[in-house]
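Enquirer: Structure incoming, see below.
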Amino acid sequence: MTLRTRKLLAYAAAIAVLLAVFALYTRPAILVTLADQMWACFN
Amino acid sequence: MHFAGSRKLSMLQVLACGAAIVTLSMGIRHGFGLWLQPITQAQGWTRETFSFALAIQNLSWGVFGIFAGMVADRFGASRVLVGGSLLYGAGLAGMALATSPLMFTLTAGVLLGAAQAGTTYAVVYGVIGRQIDPAKRSWAMGVAAAAGSFGQFLMVPVEGFLISGLGWQQALLALGLFVLLIAPLALGLREPGFAGGGAPQRDQSILQALREAFKYPSFQLLMAGYFVCGFQVVFIGVHMPSYLKDKGLSPEVASYALALIGLFNVFGTYIAGSLGQKLAKRKILAAIYLGRSVAIAVFLWAPLTPLSVYIFASVMGLLWLSTVPPTNATVAQIFGVAHLSMLGGFVFFSHQIGSFMGVWLGGLLYDRTGSYDIVWYIAIALGVFAALVNLPVREAPIARGAAPQPA
């Protein structure tokens, strides 16, 4: 495996992990928790 | 400076351990706001009690950061990191078990601030500065900053799940155990130059290094720029949800906006670190600060819709902590690495004062005027100011034995 291929794989893996974490934010349960929490600070 | 001839740690080891440490230390603290509601409800405290403790935590982080940096430069970062992880665990346990506002302020505020000072960027960057070749230093600092940004992005939903799964108190105690992982990771950052408990021989004492830095105009300019970074980032992070609420947008828009800031922050810190190897760091910093001002101005000028919020959040995410690698790499480049953690601690102290001002002025001017307009304009003006003060920074190593050069 060339260095370039390894780099590409590393970047692809990093982006996959980031998108997986972003997906956590789209889950209704966490979204509601976060939204409630933020709004609670200002009510 | 007598690190040059010492055997060095492998780059992979430094990056893996350093990145894992800042992922934990930066990540755990980022979700503390999620405990506001459960703690204030369970203890019968006001939100002010909670907010005051977190404000103290930020100041404590800034103040102890200077001393943590001094100790790390003198006795080795790994010892400070081990101590910091123990403080972090104790602080989280104290936050869970505190029964009075005073105890909560001392644990969640003072103790956790000191713990963060011992486990975050300034201390880890000292190791990176000493152990990684200058040709890759800025990139490596970008990797570590990206790891910290990833930690912030990751831990908010994870902590949300922990609170709903375990309850707020058990979640804090679980995190208190989890953060102790920093101690074994710190063993991977034991530098050969600090072996045997002794300090490496240095060309300057702490006082000489401080005197040199504070007399050097470029150091003052970097501190001024970092103050603006703290002001803008914390003002937006804390007050933007309230601003969006005032403008009639839904809570979900604010949640997605913060998620987008977190996502793009990872890319931004990595890109800024990588660019620091190829471009003048002062120009990168000026571009970041100017970019923030332009982004804020366009955001205020354009019609406010969920789409405009998401675009603003993505752009600000790219520019969020991207100042961290070029600022610290510039300090290392000018002054060398013997006192890097301490000098980084001083620059970060300026950042924390800016953070405090961003939160405080945001609230104060909102209360006085009924809108955030003035603070947004201040944030724009400060961004232009920071861009201008970074441009004349001299990145070349300081000429020792000669009079300090003008900026």
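Quick note on naming: the chains in the structure tokens go A, B, ... in the order shown, residues restart at 1 in each chain, and ligands are numbered from 1 in order of appearance.
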I need the residues in segment 237-330 of chain B that are helix (DSSP H, G or I) according to DSSP; give them as a PyMOL selection string.
Expert: chain B and resi 237-246+251-275+281-301+306-318+324-330
Enquirer: Got a sec to pull out which chain B residues are within 6 Å of chain A, counting only C-alpha atoms, and send them as a list in words?
Expert: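 Interface list for chain B against chain A: Pro251, Glu252 and Ser255 of chain B.
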Enquirer: Mind checking which residues fall within 12 Å of Ala53 of chain B, counting only C-alpha atoms, ignoring those fewer than 2 positions away in the same chain, and posting them as a compact mmCIF listing (two decimals) with C-alpha atoms, in the first residue's frame?
Expert:
# COMPACT_ATOMS: atom_id res chain seq x y z
CA PHE B 32 -20.88 20.86 31.20
CA GLY B 33 -23.82 23.05 30.17
CA LEU B 36 -27.32 23.01 34.28
CA TRP B 45 -29.95 26.27 43.23
CA THR B 46 -30.36 29.18 40.86
CA ARG B 47 -28.87 29.17 37.38
CA GLU B 48 -26.62 31.95 38.57
CA THR B 49 -24.95 29.55 41.04
CA PHE B 50 -24.18 27.14 38.23
CA SER B 51 -23.08 29.85 35.79
CA ALA B 55 -17.23 31.40 34.97
CA ILE B 56 -14.79 30.76 37.83
CA GLN B 57 -13.72 27.57 36.06
CA ASN B 58 -12.74 29.54 32.95
CA LEU B 59 -10.75 32.09 34.94
CA SER B 60 -9.15 29.36 37.03
CA GLY B 91 -13.31 17.89 40.40
CA MET B 95 -19.25 18.50 41.12
CA ALA B 98 -21.24 19.08 46.29
CA SER B 100 -23.60 23.74 48.84
CA PRO B 101 -22.98 26.50 46.29
CA LEU B 102 -19.57 27.21 47.85
CA MET B 103 -18.47 23.60 47.53
CA PHE B 104 -19.81 23.49 43.97
CA THR B 105 -17.82 26.62 43.06
CA LEU B 106 -14.65 25.21 44.61
CA THR B 107 -14.94 21.86 42.82
CA ALA B 108 -16.70 22.57 39.51
CA GLY B 109 -15.06 25.99 39.35
CA VAL B 110 -11.59 26.22 40.86
CA LEU B 111 -10.61 22.52 40.86
CA LEU B 112 -11.84 21.70 37.36
CA GLY B 113 -10.27 24.90 36.01
Enquirer: Find the distance between atom CA of Ser322 of chain B and atom CA of Trp139 of chain B and write it in Å to one decimal.
Expert: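 One can read the atom CA of Ser322 of chain B to atom CA of Trp139 of chain B distance as 11.8 Å.
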Enquirer: Can you tell me which residues surround Thr119 of chain B at a distance of at most 10 Å, considering only C-alpha atoms, apart from same-chain residues fewer than 6 positions away, and format the answer as a PyMOL selection string?
Expert: chain B and resi 18+21-22+24-26+65+68+77-78+80-85+87-88+182-183+186
Enquirer: Atom CA of His339 of chain B and atom CA of Gly76 of chain B, how far apart in Å?
Expert: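 Atom CA of His339 of chain B lies 11.2 Å from atom CA of Gly76 of chain B.
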Enquirer: Neighbours of segment 158-168 of chain B within 8 Å (only C-alpha atoms; same-chain residues fewer than 3 positions away dropped), as a list of chain:residue names?
Expert: A:Ile30, A:Thr33, A:Leu34, B:Ile28, B:Gly31, B:Leu34, B:Trp35, B:Pro38, B:Ile39, B:Ala96, B:Leu154, B:Met155, B:Ala171, B:Leu172
Enquirer: With C-alpha atoms kept, could you save the residues just selected as a tab-separated table (two decimals), in the first residue's frame?
Expert:
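Listed below is the output, again29.tsv:
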chain	number	residue	atom	x	y	z
A	30	ILE	CA	-30.28	14.26	21.83
A	33	THR	CA	-32.03	17.46	25.15
A	34	LEU	CA	-29.64	19.96	23.63
B	28	ILE	CA	-15.53	16.43	28.80
B	31	GLY	CA	-20.68	19.37	27.69
B	34	LEU	CA	-25.91	19.88	29.90
B	35	TRP	CA	-25.82	19.58	33.69
B	38	PRO	CA	-30.53	18.61	36.35
B	39	ILE	CA	-28.17	20.06	38.96
B	96	ALA	CA	-21.46	15.41	41.58
B	154	LEU	CA	-18.07	14.03	20.30
B	155	MET	CA	-18.63	14.48	24.00
B	171	ALA	CA	-22.82	10.36	34.81
B	172	LEU	CA	-20.40	12.79	36.49
Enquirer: Tell me which protein, DNA and RNA residues are within 9 Å of Met141 of chain B, counting only C-alpha atoms, leaving out same-chain ones fewer than 5 positions away, and put them as a ChimeraX atom specification.
Expert: /B:15,121,125,128-129,136,146,269-270,273-274,324-326,328-329
Enquirer: Can you tell me, as a list in words, what residues are no more than 8 Å from Ser308 of chain B when counting only C-alpha atoms, ignoring any on the same chain fewer than 5 positions away?
Expert: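 Counting only C-alpha atoms, the residues come to Phe299, Ala302 and Pro303 of chain B.
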Enquirer: Please dump the current selection as a compact mmCIF listing (two decimals), in the first residue's frame; keep N, CA and C atoms.
Expert:
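The new file result19.txt reads:
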# COMPACT_ATOMS: atom_id res chain seq x y z
N PHE B 299 -23.57 37.77 8.09
CA PHE B 299 -24.64 37.10 8.84
C PHE B 299 -25.67 38.11 9.34
N ALA B 302 -27.48 39.74 6.06
CA ALA B 302 -28.35 38.88 5.25
C ALA B 302 -29.65 38.57 6.00
N PRO B 303 -30.72 38.25 5.27
CA PRO B 303 -31.96 37.85 5.95
C PRO B 303 -31.71 36.60 6.81
